[in-house]
There are 2 protein chains.
Amino acid sequence: MPKTARSKKQKPAKESSTEERIKEAARRLFTLKGFAATRTRDIAEEAGINLALLNYYFRSKQKLFDLVMLENFQQFIKGITVNFMDETLSFDQRIERIVEAYVDMLTRLPDLPMFILNEIRGNPSKIAAKLQMEIAPMRQNMFTQLITSNEAGKTNLEPFHFIANLIGLTVFPFVGRPILQRVTGVTDDQFQQYMQDRKRLIPVWLKAMLTPPK
Amino acid sequence: MPKTARSKKQKPAKESSTEERIKEAARRLFTLKGFAATRTRDIAEEAGINLALLNYYFRSKQKLFDLVMLENFQQFIKGITVNFMDETLSFDQRIERIVEAYVDMLTRLPDLPMFILNEIRGNPSKIAAKLQMEIAPMRQNMFTQLITSNEAGKTNLEPFHFIANLIGLTVFPFVGRPILQRVTGVTDDQFQQYMQDRKRLIPVWLKAMLTPPK
DNA sequence: GTCTATAAAGTGATAGAC
DNA sequence: GTCTATCACTTTATAGAC
């Protein structure tokens, strides 16, 4: 007896349907604690429903996780790539856009990068390959820009370092926030303000890094 | 019947004692997959012994984890602070030493920072407070240096950003290595070489960031 | 759709033989 | 010290009533 393969439109009603509530509860807990440390009972409680209902809607913990995981992943990618492919922008402008989009996304979804990093470490092949594909055009564009600029003698920095610096400067403060805030002693409000400041600062820094220090 | 509180010196023999083998197996798995996702059976298998023996030596999964965790943590701290307190060094020289020590440690123990970050997120208070204490003198020193330098008009950067940049540039490539290597398409050997290059580059970059861009 | 009750499987820990 | 066998408990998933 195959299990009630629900047709996706049982409740045309707005949102905050039961299904949605479960999924969002799952997203919070999975993103915060990971797959193994999250119990289906906790998800059910967080969603304010019964355990059995979770399986009624999503069949299994693993399937629910995969769904949340996929959506998180797409959010993460979208936050980066969406502003980059505008052909009317200069290289510098694109960098500004990327940093701004990143900071805004991470401000809204601060647990996302740790989740992605943990998942990739657990399943090196599964998700990383897909990520590579999605990012390929961006990578290609950046690399050619940087390499030609290097060959023209205008800049002097391996593309690898540029990418590492871009992501490190932008993403790390969110990933390392607990340590960083402790060490520097800044409040939550101050932290948010600093992140906003970095939208302006990081592109300037990155540009300075490009030129040969000698 | 209290459980065999072993006196620490049952086997004066060299190392790779059973106890040590279990602990190292536990370190690998805990560091890689975290507490919840690691099963005691897996640790036993990885160590080439039986499950019961794990409990004989360490009493419980939690106690074994706490031990590994503490040692990892101390390694992490030692790697950073050891070179900083040499009073004969200039500020610039200290930064060079810190970056170098960090890169060397992370090259040996690449999974350590993710482990620490995950643990801190799980128990914000438990470990973070201790970390704050250990780092306090370094923080104090850096902050006063930077603030006086800012007030003298020689530099113009919030200490928060300096710390964030220092850690972000140094640690992030190791944390984000799976993504970074995919995106940039570099081999393992190239990655290691780039990390060595960064020992020299990061201090230069940090110094450039200190001066007002205007 | 939603619940209670329970089956089925997994996992940490111990007893007891050697 | 080390093993096998097993207990005790947790957790996922399902059956079945409403």
# chains A, B, ... in the order shown; residues from 1 in each chain; ligands from 1
$ residues_around --residues "A:Phe174" --least-positions-apart "5" --cutoff "9 Å" --atoms "only C-alpha atoms (C1' of nucleotides)" --output "PyMOL selection string"
chain A and resi 103+106-107+110-111+113-114+180+195
$ select_by_dssp --residues "chain B" --states "helix (DSSP H, G or I)" --output "CSV table (one decimal) with N, CA and C atoms, in the first residue's frame"
chain,number,residue,atom,x,y,z
B,18,THR,N,46.0,1.2,23.5
B,18,THR,CA,44.6,1.1,23.2
B,18,THR,C,43.8,2.4,23.5
B,19,GLU,N,44.1,2.9,24.7
B,19,GLU,CA,43.4,4.1,25.1
B,19,GLU,C,43.7,5.3,24.1
B,20,GLU,N,44.9,5.4,23.7
B,20,GLU,CA,45.3,6.5,22.8
B,20,GLU,C,44.6,6.2,21.4
B,21,ARG,N,44.6,5.0,21.0
B,21,ARG,CA,44.0,4.7,19.7
B,21,ARG,C,42.5,5.1,19.7
B,22,ILE,N,41.8,4.8,20.8
B,22,ILE,CA,40.4,5.1,20.8
B,22,ILE,C,40.2,6.6,20.8
B,23,LYS,N,41.1,7.3,21.6
B,23,LYS,CA,40.9,8.8,21.6
B,23,LYS,C,41.2,9.4,20.3
B,24,GLU,N,42.2,8.9,19.6
B,24,GLU,CA,42.4,9.5,18.2
B,24,GLU,C,41.4,9.2,17.2
B,25,ALA,N,40.8,8.0,17.3
B,25,ALA,CA,39.7,7.6,16.4
B,25,ALA,C,38.5,8.5,16.7
B,26,ALA,N,38.3,8.7,18.0
B,26,ALA,CA,37.2,9.6,18.4
B,26,ALA,C,37.4,11.0,17.9
B,27,ARG,N,38.7,11.5,18.0
B,27,ARG,CA,39.0,12.8,17.6
B,27,ARG,C,38.7,13.0,16.1
B,28,ARG,N,39.1,12.0,15.3
B,28,ARG,CA,38.8,12.1,13.9
B,28,ARG,C,37.3,12.2,13.6
B,29,LEU,N,36.6,11.3,14.2
B,29,LEU,CA,35.1,11.2,13.9
B,29,LEU,C,34.4,12.4,14.5
B,30,PHE,N,34.6,12.7,15.7
B,30,PHE,CA,33.9,13.9,16.3
B,30,PHE,C,34.3,15.2,15.6
B,31,THR,N,35.5,15.3,15.3
B,31,THR,CA,35.9,16.6,14.6
B,31,THR,C,35.3,16.7,13.2
B,32,LEU,N,35.1,15.5,12.6
B,32,LEU,CA,34.6,15.5,11.2
B,32,LEU,C,33.1,15.6,11.2
B,33,LYS,N,32.4,14.9,12.0
B,33,LYS,CA,31.0,14.8,11.9
B,33,LYS,C,30.2,15.4,13.1
B,40,THR,N,29.2,5.6,18.8
B,40,THR,CA,30.3,5.0,19.5
B,40,THR,C,30.7,3.7,18.8
B,41,ARG,N,29.8,3.0,18.1
B,41,ARG,CA,30.2,1.9,17.3
B,41,ARG,C,31.2,2.2,16.3
B,42,ASP,N,31.0,3.4,15.6
B,42,ASP,CA,31.9,3.8,14.6
B,42,ASP,C,33.3,4.1,15.1
B,43,ILE,N,33.3,4.7,16.3
B,43,ILE,CA,34.6,5.0,16.9
B,43,ILE,C,35.4,3.7,17.2
B,44,ALA,N,34.6,2.8,17.8
B,44,ALA,CA,35.3,1.5,18.2
B,44,ALA,C,35.8,0.8,16.9
B,45,GLU,N,35.1,0.8,15.9
B,45,GLU,CA,35.5,0.2,14.6
B,45,GLU,C,36.8,0.9,14.1
B,46,GLU,N,36.7,2.2,14.0
B,46,GLU,CA,37.8,3.0,13.6
B,46,GLU,C,39.1,2.8,14.4
B,47,ALA,N,38.9,2.5,15.7
B,47,ALA,CA,40.0,2.3,16.5
B,47,ALA,C,40.4,0.8,16.5
B,51,LEU,N,33.2,-2.2,21.1
B,51,LEU,CA,32.5,-1.1,21.7
B,51,LEU,C,32.6,-1.0,23.2
B,52,ALA,N,32.6,-2.2,23.8
B,52,ALA,CA,32.6,-2.2,25.3
B,52,ALA,C,33.9,-1.6,25.8
B,53,LEU,N,35.0,-1.7,25.1
B,53,LEU,CA,36.2,-1.2,25.5
B,53,LEU,C,36.2,0.4,25.6
B,54,LEU,N,35.5,0.9,24.7
B,54,LEU,CA,35.4,2.4,24.7
B,54,LEU,C,34.8,2.9,26.1
B,55,ASN,N,33.8,2.2,26.5
B,55,ASN,CA,33.2,2.6,27.8
B,55,ASN,C,34.1,2.2,29.0
B,56,TYR,N,34.8,1.1,28.8
B,56,TYR,CA,35.8,0.7,29.9
B,56,TYR,C,36.8,1.9,30.1
B,57,TYR,N,37.3,2.5,29.0
B,57,TYR,CA,38.3,3.5,29.2
B,57,TYR,C,37.7,4.9,29.5
B,58,PHE,N,36.6,5.2,28.9
B,58,PHE,CA,36.1,6.6,29.0
B,58,PHE,C,34.8,6.7,29.6
B,61,LYS,N,30.2,8.2,26.1
B,61,LYS,CA,30.4,9.0,24.9
B,61,LYS,C,30.6,10.4,25.2
B,62,GLN,N,29.8,11.0,26.1
B,62,GLN,CA,29.9,12.4,26.4
B,62,GLN,C,31.3,12.7,27.0
B,63,LYS,N,31.7,11.9,28.0
B,63,LYS,CA,33.0,12.1,28.6
B,63,LYS,C,34.2,12.1,27.6
B,64,LEU,N,34.1,11.1,26.7
B,64,LEU,CA,35.1,11.0,25.6
B,64,LEU,C,35.1,12.3,24.8
B,65,PHE,N,33.9,12.7,24.4
B,65,PHE,CA,33.8,13.9,23.6
B,65,PHE,C,34.3,15.1,24.3
B,66,ASP,N,34.0,15.3,25.6
B,66,ASP,CA,34.5,16.4,26.3
B,66,ASP,C,36.0,16.5,26.4
B,67,LEU,N,36.6,15.3,26.5
B,67,LEU,CA,38.0,15.2,26.6
B,67,LEU,C,38.6,15.7,25.2
B,68,VAL,N,38.1,15.1,24.2
B,68,VAL,CA,38.6,15.4,22.8
B,68,VAL,C,38.4,16.9,22.6
B,69,MET,N,37.3,17.4,22.9
B,69,MET,CA,36.9,18.8,22.7
B,69,MET,C,37.9,19.7,23.4
B,70,LEU,N,38.2,19.4,24.7
B,70,LEU,CA,39.1,20.2,25.5
B,70,LEU,C,40.4,20.3,24.8
B,71,GLU,N,40.9,19.1,24.4
B,71,GLU,CA,42.3,19.1,23.8
B,71,GLU,C,42.3,19.8,22.5
B,72,ASN,N,41.3,19.6,21.7
B,72,ASN,CA,41.2,20.4,20.4
B,72,ASN,C,41.2,21.9,20.7
B,73,PHE,N,40.5,22.3,21.7
B,73,PHE,CA,40.3,23.7,22.0
B,73,PHE,C,41.7,24.3,22.4
B,74,GLN,N,42.4,23.5,23.3
B,74,GLN,CA,43.7,24.0,23.8
B,74,GLN,C,44.7,24.1,22.6
B,75,GLN,N,44.7,23.1,21.7
B,75,GLN,CA,45.5,23.2,20.5
B,75,GLN,C,45.2,24.5,19.8
B,76,PHE,N,44.0,24.8,19.6
B,76,PHE,CA,43.5,25.9,18.8
B,76,PHE,C,44.1,27.2,19.4
B,77,ILE,N,43.9,27.3,20.7
B,77,ILE,CA,44.3,28.5,21.4
B,77,ILE,C,45.8,28.7,21.3
B,78,LYS,N,46.5,27.6,21.6
B,78,LYS,CA,47.9,27.6,21.7
B,78,LYS,C,48.5,28.1,20.4
B,79,GLY,N,47.9,27.6,19.3
B,79,GLY,CA,48.4,27.9,18.0
B,79,GLY,C,48.3,29.4,17.7
B,80,ILE,N,47.5,30.1,18.4
B,80,ILE,CA,47.3,31.5,18.1
B,80,ILE,C,48.2,32.4,19.0
B,81,THR,N,48.0,32.1,20.3
B,81,THR,CA,48.5,33.0,21.3
B,81,THR,C,50.0,32.9,21.6
B,91,PHE,N,54.4,45.7,16.5
B,91,PHE,CA,53.0,45.3,16.1
B,91,PHE,C,53.0,44.5,14.8
B,92,ASP,N,53.6,45.1,13.8
B,92,ASP,CA,53.6,44.4,12.5
B,92,ASP,C,54.2,43.0,12.6
B,93,GLN,N,55.3,42.9,13.3
B,93,GLN,CA,55.9,41.6,13.5
B,93,GLN,C,55.0,40.6,14.1
B,94,ARG,N,54.3,41.1,15.1
B,94,ARG,CA,53.3,40.2,15.8
B,94,ARG,C,52.3,39.7,14.8
B,95,ILE,N,51.8,40.5,14.0
B,95,ILE,CA,50.8,40.1,13.0
B,95,ILE,C,51.3,39.1,12.1
B,96,GLU,N,52.6,39.3,11.7
B,96,GLU,CA,53.2,38.3,10.8
B,96,GLU,C,53.3,36.9,11.5
B,97,ARG,N,53.7,37.0,12.8
B,97,ARG,CA,53.8,35.8,13.5
B,97,ARG,C,52.5,35.0,13.7
B,98,ILE,N,51.4,35.8,14.0
B,98,ILE,CA,50.1,35.2,14.2
B,98,ILE,C,49.7,34.5,12.9
B,99,VAL,N,49.7,35.2,11.8
B,99,VAL,CA,49.3,34.7,10.6
B,99,VAL,C,50.1,33.4,10.2
B,100,GLU,N,51.4,33.5,10.4
B,100,GLU,CA,52.2,32.3,10.1
B,100,GLU,C,51.8,31.1,11.0
B,101,ALA,N,51.7,31.4,12.3
B,101,ALA,CA,51.3,30.3,13.3
B,101,ALA,C,50.0,29.7,12.9
B,102,TYR,N,49.0,30.6,12.6
B,102,TYR,CA,47.7,30.1,12.2
B,102,TYR,C,47.7,29.2,11.0
B,103,VAL,N,48.4,29.7,10.0
B,103,VAL,CA,48.4,28.9,8.7
B,103,VAL,C,49.1,27.5,9.0
B,104,ASP,N,50.1,27.5,9.7
B,104,ASP,CA,50.8,26.3,10.0
B,104,ASP,C,49.9,25.3,10.8
B,105,MET,N,49.2,25.9,11.8
B,105,MET,CA,48.3,25.0,12.6
B,105,MET,C,47.2,24.5,11.7
B,106,LEU,N,46.6,25.3,10.9
B,106,LEU,CA,45.4,24.9,10.1
B,106,LEU,C,45.8,24.0,9.0
B,107,THR,N,47.1,24.1,8.6
B,107,THR,CA,47.5,23.1,7.6
B,107,THR,C,47.6,21.7,8.2
B,108,ARG,N,48.0,21.7,9.5
B,108,ARG,CA,48.1,20.4,10.2
B,108,ARG,C,46.7,19.9,10.6
B,112,LEU,N,39.8,21.6,12.5
B,112,LEU,CA,39.7,22.2,13.8
B,112,LEU,C,38.7,23.4,13.8
B,113,PRO,N,38.9,24.4,12.9
B,113,PRO,CA,38.0,25.6,13.0
B,113,PRO,C,36.6,25.3,12.9
B,114,MET,N,36.2,24.4,11.9
B,114,MET,CA,34.8,24.1,11.8
B,114,MET,C,34.3,23.4,13.1
B,115,PHE,N,35.1,22.6,13.6
B,115,PHE,CA,34.7,21.9,14.9
B,115,PHE,C,34.4,23.0,16.0
B,116,ILE,N,35.3,23.9,16.1
B,116,ILE,CA,35.2,24.9,17.2
B,116,ILE,C,34.0,25.8,16.9
B,117,LEU,N,33.8,26.2,15.6
B,117,LEU,CA,32.6,27.0,15.3
B,117,LEU,C,31.3,26.3,15.6
B,118,ASN,N,31.3,25.0,15.2
B,118,ASN,CA,30.1,24.2,15.5
B,118,ASN,C,29.8,24.1,17.0
B,119,GLU,N,30.8,23.8,17.7
B,119,GLU,CA,30.7,23.7,19.1
B,119,GLU,C,30.2,24.9,19.8
B,120,ILE,N,30.8,26.0,19.4
B,120,ILE,CA,30.4,27.3,20.0
B,120,ILE,C,28.9,27.6,19.7
B,121,ARG,N,28.5,27.3,18.5
B,121,ARG,CA,27.1,27.5,18.1
B,121,ARG,C,26.2,26.7,18.9
B,122,GLY,N,26.6,25.5,19.2
B,122,GLY,CA,25.8,24.6,20.0
B,122,GLY,C,25.7,25.0,21.5
B,126,LYS,N,29.3,27.8,27.1
B,126,LYS,CA,30.3,26.9,27.7
B,126,LYS,C,31.7,27.1,27.3
B,127,ILE,N,32.0,27.2,26.0
B,127,ILE,CA,33.3,27.3,25.6
B,127,ILE,C,33.7,28.7,25.2
B,128,ALA,N,32.8,29.5,24.7
B,128,ALA,CA,33.1,30.8,24.3
B,128,ALA,C,33.6,31.7,25.4
B,129,ALA,N,33.1,31.5,26.6
B,129,ALA,CA,33.6,32.3,27.7
B,129,ALA,C,35.0,32.0,28.0
B,130,LYS,N,35.4,30.7,28.0
B,130,LYS,CA,36.8,30.3,28.2
B,130,LYS,C,37.7,30.9,27.1
B,131,LEU,N,37.2,30.8,25.9
B,131,LEU,CA,38.0,31.3,24.8
B,131,LEU,C,38.2,32.8,25.0
B,132,GLN,N,37.2,33.5,25.4
B,132,GLN,CA,37.3,34.9,25.6
B,132,GLN,C,38.4,35.3,26.6
B,133,MET,N,38.5,34.5,27.7
B,133,MET,CA,39.5,34.7,28.7
B,133,MET,C,40.9,34.5,28.2
B,134,GLU,N,41.1,33.4,27.5
B,134,GLU,CA,42.4,33.1,26.9
B,134,GLU,C,42.9,34.1,26.0
B,135,ILE,N,42.0,34.7,25.2
B,135,ILE,CA,42.4,35.7,24.2
B,135,ILE,C,42.4,37.1,24.7
B,136,ALA,N,41.9,37.3,25.9
B,136,ALA,CA,41.8,38.7,26.4
B,136,ALA,C,43.0,39.5,26.3
B,137,PRO,N,44.2,39.0,26.7
B,137,PRO,CA,45.4,39.8,26.7
B,137,PRO,C,45.7,40.3,25.2
B,138,MET,N,45.6,39.3,24.3
B,138,MET,CA,45.9,39.6,22.9
B,138,MET,C,44.9,40.7,22.4
B,139,ARG,N,43.7,40.5,22.7
B,139,ARG,CA,42.7,41.5,22.3
B,139,ARG,C,43.0,42.9,22.8
B,140,GLN,N,43.3,42.9,24.1
B,140,GLN,CA,43.6,44.2,24.8
B,140,GLN,C,44.8,44.9,24.1
B,141,ASN,N,45.8,44.1,23.9
B,141,ASN,CA,47.0,44.7,23.2
B,141,ASN,C,46.7,45.2,21.8
B,142,MET,N,46.0,44.4,21.0
B,142,MET,CA,45.7,44.9,19.7
B,142,MET,C,44.8,46.1,19.7
B,143,PHE,N,43.8,46.1,20.6
B,143,PHE,CA,42.9,47.2,20.6
B,143,PHE,C,43.6,48.5,21.0
B,144,THR,N,44.4,48.5,22.0
B,144,THR,CA,45.1,49.8,22.4
B,144,THR,C,46.0,50.3,21.3
B,145,GLN,N,46.8,49.3,20.7
B,145,GLN,CA,47.7,49.7,19.6
B,145,GLN,C,46.9,50.4,18.5
B,146,LEU,N,45.7,49.8,18.1
B,146,LEU,CA,45.0,50.3,17.0
B,146,LEU,C,44.3,51.6,17.3
B,147,ILE,N,43.8,51.7,18.5
B,147,ILE,CA,43.1,52.9,18.9
B,147,ILE,C,44.0,54.1,19.0
B,148,THR,N,45.2,53.9,19.6
B,148,THR,CA,46.1,55.1,19.7
B,148,THR,C,46.6,55.4,18.3
B,149,SER,N,46.8,54.4,17.4
B,149,SER,CA,47.3,54.7,16.1
B,149,SER,C,46.2,55.4,15.3
B,150,ASN,N,44.9,55.1,15.5
B,150,ASN,CA,43.8,55.8,14.9
B,150,ASN,C,43.8,57.3,15.4
B,151,GLU,N,43.9,57.4,16.7
B,151,GLU,CA,43.8,58.8,17.3
B,151,GLU,C,45.0,59.7,16.8
B,159,PRO,N,38.9,48.7,15.3
B,159,PRO,CA,39.6,47.4,15.7
B,159,PRO,C,38.7,46.2,15.3
B,160,PHE,N,37.4,46.4,15.4
B,160,PHE,CA,36.5,45.2,15.0
B,160,PHE,C,36.8,44.7,13.6
B,161,HIS,N,36.9,45.7,12.7
B,161,HIS,CA,37.1,45.3,11.3
B,161,HIS,C,38.5,44.7,11.1
B,162,PHE,N,39.5,45.2,11.9
B,162,PHE,CA,40.8,44.6,11.7
B,162,PHE,C,40.8,43.2,12.2
B,163,ILE,N,40.3,42.9,13.3
B,163,ILE,CA,40.2,41.5,13.8
B,163,ILE,C,39.4,40.6,12.9
B,164,ALA,N,38.3,41.1,12.4
B,164,ALA,CA,37.4,40.3,11.5
B,164,ALA,C,38.2,40.0,10.2
B,165,ASN,N,39.0,41.0,9.7
B,165,ASN,CA,39.7,40.8,8.5
B,165,ASN,C,40.9,39.8,8.7
B,166,LEU,N,41.6,40.0,9.8
B,166,LEU,CA,42.7,39.1,10.2
B,166,LEU,C,42.2,37.6,10.2
B,167,ILE,N,41.2,37.4,11.0
B,167,ILE,CA,40.7,36.0,11.1
B,167,ILE,C,40.0,35.5,9.8
B,168,GLY,N,39.3,36.4,9.2
B,168,GLY,CA,38.6,36.0,7.9
B,168,GLY,C,39.6,35.6,6.8
B,169,LEU,N,40.6,36.4,6.6
B,169,LEU,CA,41.5,36.2,5.6
B,169,LEU,C,42.4,34.9,5.9
B,170,THR,N,42.6,34.7,7.1
B,170,THR,CA,43.5,33.6,7.5
B,170,THR,C,42.8,32.3,7.6
B,171,VAL,N,41.7,32.3,8.3
B,171,VAL,CA,41.0,31.0,8.6
B,171,VAL,C,40.0,30.6,7.6
B,172,PHE,N,39.3,31.6,6.9
B,172,PHE,CA,38.2,31.2,6.0
B,172,PHE,C,38.7,30.2,4.9
B,173,PRO,N,39.8,30.4,4.3
B,173,PRO,CA,40.2,29.5,3.2
B,173,PRO,C,40.1,28.0,3.6
B,174,PHE,N,40.5,27.8,4.9
B,174,PHE,CA,40.5,26.4,5.4
B,174,PHE,C,39.1,25.9,5.7
B,175,VAL,N,38.3,26.8,6.2
B,175,VAL,CA,36.9,26.4,6.5
B,175,VAL,C,36.1,26.2,5.2
B,177,ARG,N,37.3,25.6,2.3
B,177,ARG,CA,38.1,24.9,1.3
B,177,ARG,C,37.3,24.1,0.3
B,178,PRO,N,36.4,23.2,0.7
B,178,PRO,CA,35.6,22.5,-0.3
B,178,PRO,C,35.0,23.3,-1.4
B,179,ILE,N,34.3,24.4,-1.0
B,179,ILE,CA,33.7,25.3,-1.9
B,179,ILE,C,34.8,26.0,-2.8
B,180,LEU,N,35.8,26.5,-2.1
B,180,LEU,CA,36.8,27.3,-2.7
B,180,LEU,C,37.6,26.6,-3.8
B,181,GLN,N,37.9,25.3,-3.5
B,181,GLN,CA,38.7,24.5,-4.4
B,181,GLN,C,37.8,24.2,-5.6
B,182,ARG,N,36.5,23.9,-5.4
B,182,ARG,CA,35.6,23.6,-6.5
B,182,ARG,C,35.5,24.9,-7.4
B,183,VAL,N,35.2,26.0,-6.8
B,183,VAL,CA,35.0,27.2,-7.5
B,183,VAL,C,36.2,27.6,-8.3
B,184,THR,N,37.4,27.5,-7.7
B,184,THR,CA,38.6,28.0,-8.4
B,184,THR,C,39.2,26.9,-9.2
B,188,ASP,N,44.9,20.0,-4.8
B,188,ASP,CA,45.3,20.0,-3.4
B,188,ASP,C,46.7,20.6,-3.2
B,189,ASP,N,47.6,20.3,-4.1
B,189,ASP,CA,49.0,20.8,-4.0
B,189,ASP,C,49.0,22.3,-4.2
B,190,GLN,N,48.2,22.8,-5.2
B,190,GLN,CA,48.1,24.2,-5.4
B,190,GLN,C,47.5,24.9,-4.2
B,191,PHE,N,46.5,24.3,-3.6
B,191,PHE,CA,45.9,24.9,-2.4
B,191,PHE,C,46.9,25.1,-1.3
B,192,GLN,N,47.6,24.1,-1.0
B,192,GLN,CA,48.7,24.2,0.0
B,192,GLN,C,49.7,25.3,-0.3
B,193,GLN,N,50.0,25.4,-1.6
B,193,GLN,CA,51.0,26.4,-1.9
B,193,GLN,C,50.4,27.8,-1.7
B,194,TYR,N,49.2,28.0,-2.1
B,194,TYR,CA,48.5,29.3,-2.0
B,194,TYR,C,48.4,29.6,-0.5
B,195,MET,N,48.2,28.7,0.4
B,195,MET,CA,48.1,28.9,1.8
B,195,MET,C,49.5,29.4,2.3
B,196,GLN,N,50.5,28.8,1.8
B,196,GLN,CA,51.9,29.3,2.2
B,196,GLN,C,52.1,30.7,1.7
B,197,ASP,N,51.7,31.0,0.5
B,197,ASP,CA,51.8,32.3,0.0
B,197,ASP,C,51.1,33.4,0.9
B,198,ARG,N,50.0,33.0,1.4
B,198,ARG,CA,49.2,33.9,2.2
B,198,ARG,C,49.9,34.3,3.5
B,199,LYS,N,50.8,33.5,4.0
B,199,LYS,CA,51.6,33.9,5.1
B,199,LYS,C,52.3,35.3,4.9
B,200,ARG,N,52.8,35.4,3.7
B,200,ARG,CA,53.4,36.7,3.3
B,200,ARG,C,52.4,37.8,2.9
B,201,LEU,N,51.4,37.3,2.2
B,201,LEU,CA,50.5,38.3,1.6
B,201,LEU,C,49.5,39.0,2.6
B,202,ILE,N,49.0,38.2,3.5
B,202,ILE,CA,48.0,38.7,4.4
B,202,ILE,C,48.5,39.9,5.3
B,203,PRO,N,49.7,39.8,5.9
B,203,PRO,CA,50.2,40.9,6.7
B,203,PRO,C,50.3,42.2,5.8
B,204,VAL,N,50.7,42.0,4.6
B,204,VAL,CA,50.7,43.2,3.7
B,204,VAL,C,49.4,43.8,3.4
B,205,TRP,N,48.4,42.9,3.1
B,205,TRP,CA,47.0,43.4,2.9
B,205,TRP,C,46.5,44.1,4.2
B,206,LEU,N,46.7,43.5,5.3
B,206,LEU,CA,46.1,44.0,6.5
B,206,LEU,C,46.7,45.4,6.8
B,207,LYS,N,48.0,45.6,6.5
B,207,LYS,CA,48.6,46.9,6.7
B,207,LYS,C,48.0,47.9,5.8
B,208,ALA,N,47.8,47.5,4.5
B,208,ALA,CA,47.2,48.4,3.5
B,208,ALA,C,45.8,48.8,4.0
B,209,MET,N,45.0,47.9,4.6
B,209,MET,CA,43.7,48.2,5.0
B,209,MET,C,43.6,49.2,6.1
B,210,LEU,N,44.7,49.3,6.9
B,210,LEU,CA,44.7,50.2,8.0
B,210,LEU,C,44.7,51.7,7.6
$ interface_residues --of "chain C" --to "chain A" --cutoff "10 Å" --atoms "only C-alpha atoms (C1' of nucleotides)" --output "PyMOL selection string"
chain C and resi 1-4
$ write_last_selection --atoms "all heavy atoms" --output "compact mmCIF listing (two decimals), in the first residue's frame"
# COMPACT_ATOMS: atom_id res chain seq x y z
P DG C 1 -5.44 18.09 2.85
OP1 DG C 1 -4.08 18.49 2.57
OP2 DG C 1 -6.00 16.85 2.37
O5' DG C 1 -5.77 18.23 4.35
C5' DG C 1 -5.95 17.13 5.26
C4' DG C 1 -6.16 17.70 6.62
O4' DG C 1 -6.95 16.79 7.42
C3' DG C 1 -4.87 17.86 7.43
O3' DG C 1 -5.14 18.78 8.48
C2' DG C 1 -4.67 16.45 7.98
C1' DG C 1 -6.10 16.02 8.26
N9 DG C 1 -6.39 14.60 7.96
C8 DG C 1 -6.04 13.87 6.86
N7 DG C 1 -6.48 12.64 6.90
C5 DG C 1 -7.15 12.56 8.11
C6 DG C 1 -7.83 11.47 8.71
O6 DG C 1 -7.97 10.32 8.29
N1 DG C 1 -8.35 11.83 9.95
C2 DG C 1 -8.28 13.09 10.50
N2 DG C 1 -8.86 13.25 11.69
N3 DG C 1 -7.66 14.11 9.95
C4 DG C 1 -7.11 13.76 8.76
P DT C 2 -3.97 19.28 9.46
OP1 DT C 2 -4.32 20.65 9.93
OP2 DT C 2 -2.71 19.03 8.75
O5' DT C 2 -4.05 18.32 10.71
C5' DT C 2 -5.14 18.47 11.64
C4' DT C 2 -5.15 17.35 12.63
O4' DT C 2 -5.49 16.10 11.97
C3' DT C 2 -3.81 17.06 13.32
O3' DT C 2 -3.84 17.52 14.66
C2' DT C 2 -3.64 15.55 13.23
C1' DT C 2 -5.00 15.06 12.78
N1 DT C 2 -4.98 13.81 11.96
C2 DT C 2 -5.63 12.71 12.41
O2 DT C 2 -6.24 12.68 13.46
N3 DT C 2 -5.53 11.60 11.61
C4 DT C 2 -4.86 11.51 10.40
O4 DT C 2 -4.84 10.46 9.76
C5 DT C 2 -4.20 12.71 9.97
C7 DT C 2 -3.44 12.71 8.70
C6 DT C 2 -4.29 13.81 10.76
P DC C 3 -2.62 17.26 15.65
OP1 DC C 3 -2.59 18.33 16.65
OP2 DC C 3 -1.41 17.01 14.81
O5' DC C 3 -3.01 15.89 16.37
C5' DC C 3 -4.05 15.92 17.35
C4' DC C 3 -4.51 14.50 17.65
O4' DC C 3 -4.72 13.81 16.40
C3' DC C 3 -3.51 13.64 18.41
O3' DC C 3 -3.69 13.79 19.81
C2' DC C 3 -3.84 12.23 17.95
C1' DC C 3 -4.58 12.42 16.62
N1 DC C 3 -3.84 11.84 15.46
C2 DC C 3 -4.08 10.52 15.08
O2 DC C 3 -4.90 9.84 15.74
N3 DC C 3 -3.43 9.99 14.02
C4 DC C 3 -2.55 10.75 13.35
N4 DC C 3 -1.94 10.20 12.30
C5 DC C 3 -2.28 12.11 13.71
C6 DC C 3 -2.94 12.61 14.76
P DT C 4 -2.63 13.07 20.78
OP1 DT C 4 -2.90 13.61 22.13
OP2 DT C 4 -1.31 13.17 20.16
O5' DT C 4 -3.05 11.53 20.76
C5' DT C 4 -4.34 11.11 21.21
C4' DT C 4 -4.37 9.59 21.32
O4' DT C 4 -4.13 9.01 20.03
C3' DT C 4 -3.31 8.99 22.26
O3' DT C 4 -3.86 7.87 22.94
C2' DT C 4 -2.20 8.60 21.31
C1' DT C 4 -2.98 8.19 20.06
N1 DT C 4 -2.26 8.41 18.78
C2 DT C 4 -2.17 7.37 17.87
O2 DT C 4 -2.66 6.28 18.05
N3 DT C 4 -1.49 7.69 16.73
C4 DT C 4 -0.89 8.89 16.41
O4 DT C 4 -0.30 9.06 15.35
C5 DT C 4 -1.02 9.92 17.41
C7 DT C 4 -0.41 11.27 17.18
C6 DT C 4 -1.68 9.64 18.54
$ interface_residues --of "chain D" --to "chain A" --cutoff "9 Å" --atoms "only C-alpha atoms (C1' of nucleotides)" --output "list in words"
DT11, DT12, DA13 and DT14 of chain D
$ closest_residue --among "B:Gly153, B:Ala37, B:Ser17, B:Gly185" --to "chain A" --atoms "only C-alpha atoms"
B:Ala37
